[in-house]
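Worksheet: one structure, shown below.
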Amino acid sequence: MSFASLNLAAPLLNALEAAGYEKPTPIQASAIPAVLAGRDVMACAQTGTGKTAAFLLPTLQRLETRRAPAGRGPRALVLTPTRELATQVRDAASVYAKGLPHLRFGTIVGGVPYPPQEKLLMRPLDILVATPGRFLDHMERGRVDFSRLEVVILDEADRMLDMGFLTDVERIMAATPATRQTVMFSATFEGRIATLAGRLLKDPERIRIAATEAQNAKIAQHVHYVSDVAQKKAMLMALLNEDAMGQAIVFTGTKHGADRLATAIGQNGHTAAALHGDMRQGARNRTLAQFRAGTVRVLVATDVAARGIDVAAISHVFNYDLPRSAEDYVHRIGRTGRAGQSGSAVSFALRAEHGALKRIERFTGQPIPVRVLAGFPVTEASAQGAKGAAPAGRGRPQRSGDRNRAGRPEGAPGGGRGFARRSQERDGRAPAGRARLESIGG
DNA sequence: AAAAAAC
């Protein structure tokens, strides 16, 4: 299977080669022909499966092949849940369309001045990437012309609904031409998503990529049990000093927590910066640009950065606080192991977070190996929660290395007692389709 | 009990 066999045009194939893409991912192999054929598509795919290219490549090809009517406004509209994701999708379109220089792209997101966006909407555009709130704002001011609109793509549709964008999305969709092509991507395909898809899509091609295929095997996951926040912090600092550490994202549960931890990491001699929704958009953009450029090595972020952010040099994702939903865990760790690189996802679990950890394991169908860090002995407070995951108090604390509690390399066949045996029994056995969105701790 | 997104 190659991109050429998907009937993509030469300029796109050249751009893909230049960008180092070798062969289509499963979602790309399924979605590209369907979108090219003009079909509506409902694709269920986790993050990190190459879904941006899966909708951009065929869309670019269709825009290139079909005659553009005169007038203004977008021919393709992509809606995304966060501003950063919108910017990233637009940038990806520019990369893939390097050989199609006449195509025009733009973004419409909140937090930035209106006048440039008004000018943008007065011009003919090929692909417009937007967050729903600001875009609807422009629509209500009568500034959006949909007469040229051919295709609408809803990226991370489940996330948009979670964020309360359902009515915004429906109002936007109601204003688009009935003849449009509609493509919807979502990590889940249940409940409200299925209802929305039923209303918006016509005879859609349904694509579902199993989680086992979607999960990036190159992400090594493990968890450290910690007895208190001070130990969590000390462990993080120790890990950040390890040689294999490239760039890292550290996720926190609160915006304030992100600020405080970024300062603390900075005091420990690393270039660190916070990223969260209370920052001004200019500061958000600057921080992300510095992180991409590598001048900031450690990004301390809330879940605003959990989805979509694509930086190849991220070697480690830390869950300083475990995420609220199991699904967010999958999205967070998907920030590493990108572009063919390997990555590590390291979580810290307080006693109070062990329930959340269990739910994450149930959601992904994979146990997360427990690791003990040299210099941080297992105390009673931290070991307690290891019940059911690993026998507490057994064995010696081991050096931070690729060993689990049973002393076997991670991923090696188990057969002993305790956690390793459970790993073997459960590893990768849970069917992907069983995964459901589960709230943690609520 | 938290985060995101329009002003």
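So you can find residues: chains in the structure tokens are A, B, ... in the order shown, residues in each start at 1, and ligands are numbered from 1 in order.
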Determine, counting only C-alpha atoms (C1' of nucleotides), which protein, DNA and RNA residues have an atom within 6 Å of an atom of Ser2 in chain A; residues of the same chain fewer than 2 positions away are not included. Present the result as a VMD selection string. chain A and resid 4 to 5 23
Pick out the chain A residues within 10 Å of chain B. Count only C-alpha atoms (C1' of nucleotides). Give them as a short mmCIF file (atom, residue, chain, number, x, y, z; two decimals) with C-alpha atoms, in the first residue's frame.
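Result file follows (out_5.cif):
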data_model
loop_
_atom_site.label_atom_id
_atom_site.label_comp_id
_atom_site.auth_asym_id
_atom_site.auth_seq_id
_atom_site.Cartn_x
_atom_site.Cartn_y
_atom_site.Cartn_z
CA PRO A 81 -12.16 22.25 19.18
CA THR A 82 -9.10 24.33 20.09
CA ARG A 83 -7.36 27.34 18.59
CA VAL A 109 -10.23 31.58 15.95
CA GLY A 110 -11.03 33.53 19.09
CA GLY A 111 -8.65 35.60 21.16
CA THR A 131 -13.05 27.14 16.05
CA PRO A 132 -16.87 27.28 16.28
CA GLY A 133 -17.38 30.27 18.60
CA ARG A 134 -15.61 33.01 16.69
CA PHE A 135 -16.72 31.61 13.34
CA LEU A 136 -20.37 31.73 14.38
CA ASP A 137 -19.77 35.25 15.61
CA HIS A 138 -18.70 36.24 12.08
CA ARG A 159 -14.38 16.89 21.88
CA MET A 160 -16.42 19.71 20.37
CA ASP A 162 -17.85 17.81 25.25
CA MET A 163 -17.01 21.49 25.15
CA GLY A 164 -20.59 22.49 24.58
CA PHE A 165 -20.29 23.31 20.88
CA GLY A 253 -5.11 19.21 36.38
CA THR A 254 -5.46 22.94 36.84
CA LYS A 255 -4.31 26.15 35.17
CA HIS A 276 -3.36 27.05 29.45
CA GLY A 277 -6.59 28.80 28.57
CA THR A 302 -3.58 21.73 30.99
CA ASP A 303 -5.66 19.57 28.68
CA VAL A 304 -5.75 22.42 26.17
CA PRO A 323 -6.56 13.20 33.61
CA ARG A 324 -10.21 13.44 34.44
CA GLY A 441 -13.62 10.21 40.00
CA GLY A 442 -16.94 11.87 39.32
#
Rank nothing, just name the residue among A:Ile153, A:Leu100, A:Leu8, A:Val250 nearest to Pro58 in chain A, using only C-alpha atoms. A:Leu8
All strand (DSSP E or B) residues (DSSP, backbone) inside range 237-288 of chain A, as a PyMOL selection string: chain A and resi 247-251+272-275
Any chance you could export the current selection's N, CA and C atoms as an mmCIF file, in the first residue's frame?
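And here's result_26.cif as it stands now:
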data_model
loop_
_atom_site.group_PDB
_atom_site.id
_atom_site.type_symbol
_atom_site.label_atom_id
_atom_site.label_comp_id
_atom_site.auth_asym_id
_atom_site.auth_seq_id
_atom_site.Cartn_x
_atom_site.Cartn_y
_atom_site.Cartn_z
ATOM 1 N N GLN A 247 12.412 16.704 24.614
ATOM 2 C CA GLN A 247 11.425 17.671 25.058
ATOM 3 C C GLN A 247 10.290 16.932 25.755
ATOM 4 N N ALA A 248 9.622 17.610 26.673
ATOM 5 C CA ALA A 248 8.585 16.949 27.460
ATOM 6 C C ALA A 248 7.364 17.841 27.618
ATOM 7 N N ILE A 249 6.189 17.197 27.656
ATOM 8 C CA ILE A 249 4.980 17.900 28.097
ATOM 9 C C ILE A 249 4.594 17.327 29.443
ATOM 10 N N VAL A 250 4.352 18.200 30.402
ATOM 11 C CA VAL A 250 3.877 17.790 31.713
ATOM 12 C C VAL A 250 2.432 18.274 31.849
ATOM 13 N N PHE A 251 1.500 17.332 32.032
ATOM 14 C CA PHE A 251 0.096 17.726 32.160
ATOM 15 C C PHE A 251 -0.302 17.896 33.623
ATOM 16 N N ALA A 272 11.340 26.056 30.917
ATOM 17 C CA ALA A 272 9.978 25.558 31.047
ATOM 18 C C ALA A 272 8.993 26.692 30.866
ATOM 19 N N ALA A 273 7.797 26.367 30.363
ATOM 20 C CA ALA A 273 6.754 27.376 30.211
ATOM 21 C C ALA A 273 5.398 26.724 30.361
ATOM 22 N N ALA A 274 4.439 27.501 30.848
ATOM 23 C CA ALA A 274 3.086 27.005 31.023
ATOM 24 C C ALA A 274 2.256 27.281 29.771
ATOM 25 N N LEU A 275 1.240 26.453 29.554
ATOM 26 C CA LEU A 275 0.282 26.681 28.461
ATOM 27 C C LEU A 275 -1.116 26.323 28.964
#
Identify all residues of range 94-220 of chain A in helix (DSSP H, G or I) (DSSP on the backbone) and supply them as a ChimeraX atom specification. /A:94-96,115-122,132-140,157-162,166-174,191-200,211-214
For CA of Leu13 in chain A and CA of Asp91 in chain A, quote the distance in Å rounded to one decimal. 17.4 Å
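Distance annotation: of A:Leu60, A:Ala15, A:Ala97, A:Val41, the residue with the minimal separation from Ile27 in chain A is A:Val41; atom set is only C-alpha atoms.
Between CA of Glu190 in chain A and CA of Arg208 in chain A there is a distance of 12.3 Å.
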Residue with the minimum atom-to-atom distance to Ala313 in chain A, picked from A:Arg284, A:Arg332, A:Arg180, A:Arg338 with only C-alpha atoms counted, is A:Arg338
Please identify all polymer residues within 12 Å of Thr59 in chain A, counting only C-alpha atoms (C1' of nucleotides), omitting same-chain residues fewer than 6 positions from it, and present them as a PyMOL selection string. chain A and resi 8-9+12+31-39+52-53+65-66+75-78+93+96-97+103+126-128+150-153+181-183
Quick one: everything within 7 Å of Phe348 in chain A, counting only C-alpha atoms (C1' of nucleotides), minus sequence neighbours fewer than 5 positions away in the same chain. Send it as a PyMOL selection string. chain A and resi 223-226+232+319-321
Near His316 in chain A, counting only C-alpha atoms (C1' of nucleotides), which residues have an atom at most 6 Å away, once you skip same-chain residues fewer than 4 positions from it, shown as a PDB file with all heavy atoms, in the first residue's frame?
ATOM      1  N   ALA A 248       9.622  17.610  26.673  1.00  0.00           N
ATOM      2  CA  ALA A 248       8.585  16.949  27.460  1.00  0.00           C
ATOM      3  C   ALA A 248       7.364  17.841  27.618  1.00  0.00           C
ATOM      4  O   ALA A 248       7.484  19.067  27.668  1.00  0.00           O
ATOM      5  CB  ALA A 248       9.132  16.578  28.837  1.00  0.00           C
ATOM      6  N   GLY A 343       8.526   7.032  22.209  1.00  0.00           N
ATOM      7  CA  GLY A 343       8.194   7.985  23.262  1.00  0.00           C
ATOM      8  C   GLY A 343       7.865   7.287  24.557  1.00  0.00           C
ATOM      9  O   GLY A 343       7.565   6.091  24.575  1.00  0.00           O
ATOM     10  N   SER A 344       7.935   8.046  25.643  1.00  0.00           N
ATOM     11  CA  SER A 344       7.582   7.500  26.950  1.00  0.00           C
ATOM     12  C   SER A 344       6.455   8.311  27.554  1.00  0.00           C
ATOM     13  O   SER A 344       6.446   9.537  27.457  1.00  0.00           O
ATOM     14  CB  SER A 344       8.778   7.576  27.907  1.00  0.00           C
ATOM     15  OG  SER A 344       9.733   6.619  27.557  1.00  0.00           O
ATOM     16  N   ALA A 345       5.521   7.597  28.172  1.00  0.00           N
ATOM     17  CA  ALA A 345       4.442   8.268  28.906  1.00  0.00           C
ATOM     18  C   ALA A 345       4.544   7.837  30.355  1.00  0.00           C
ATOM     19  O   ALA A 345       4.403   6.662  30.676  1.00  0.00           O
ATOM     20  CB  ALA A 345       3.091   7.887  28.329  1.00  0.00           C
TER      21      ALA A 345
END
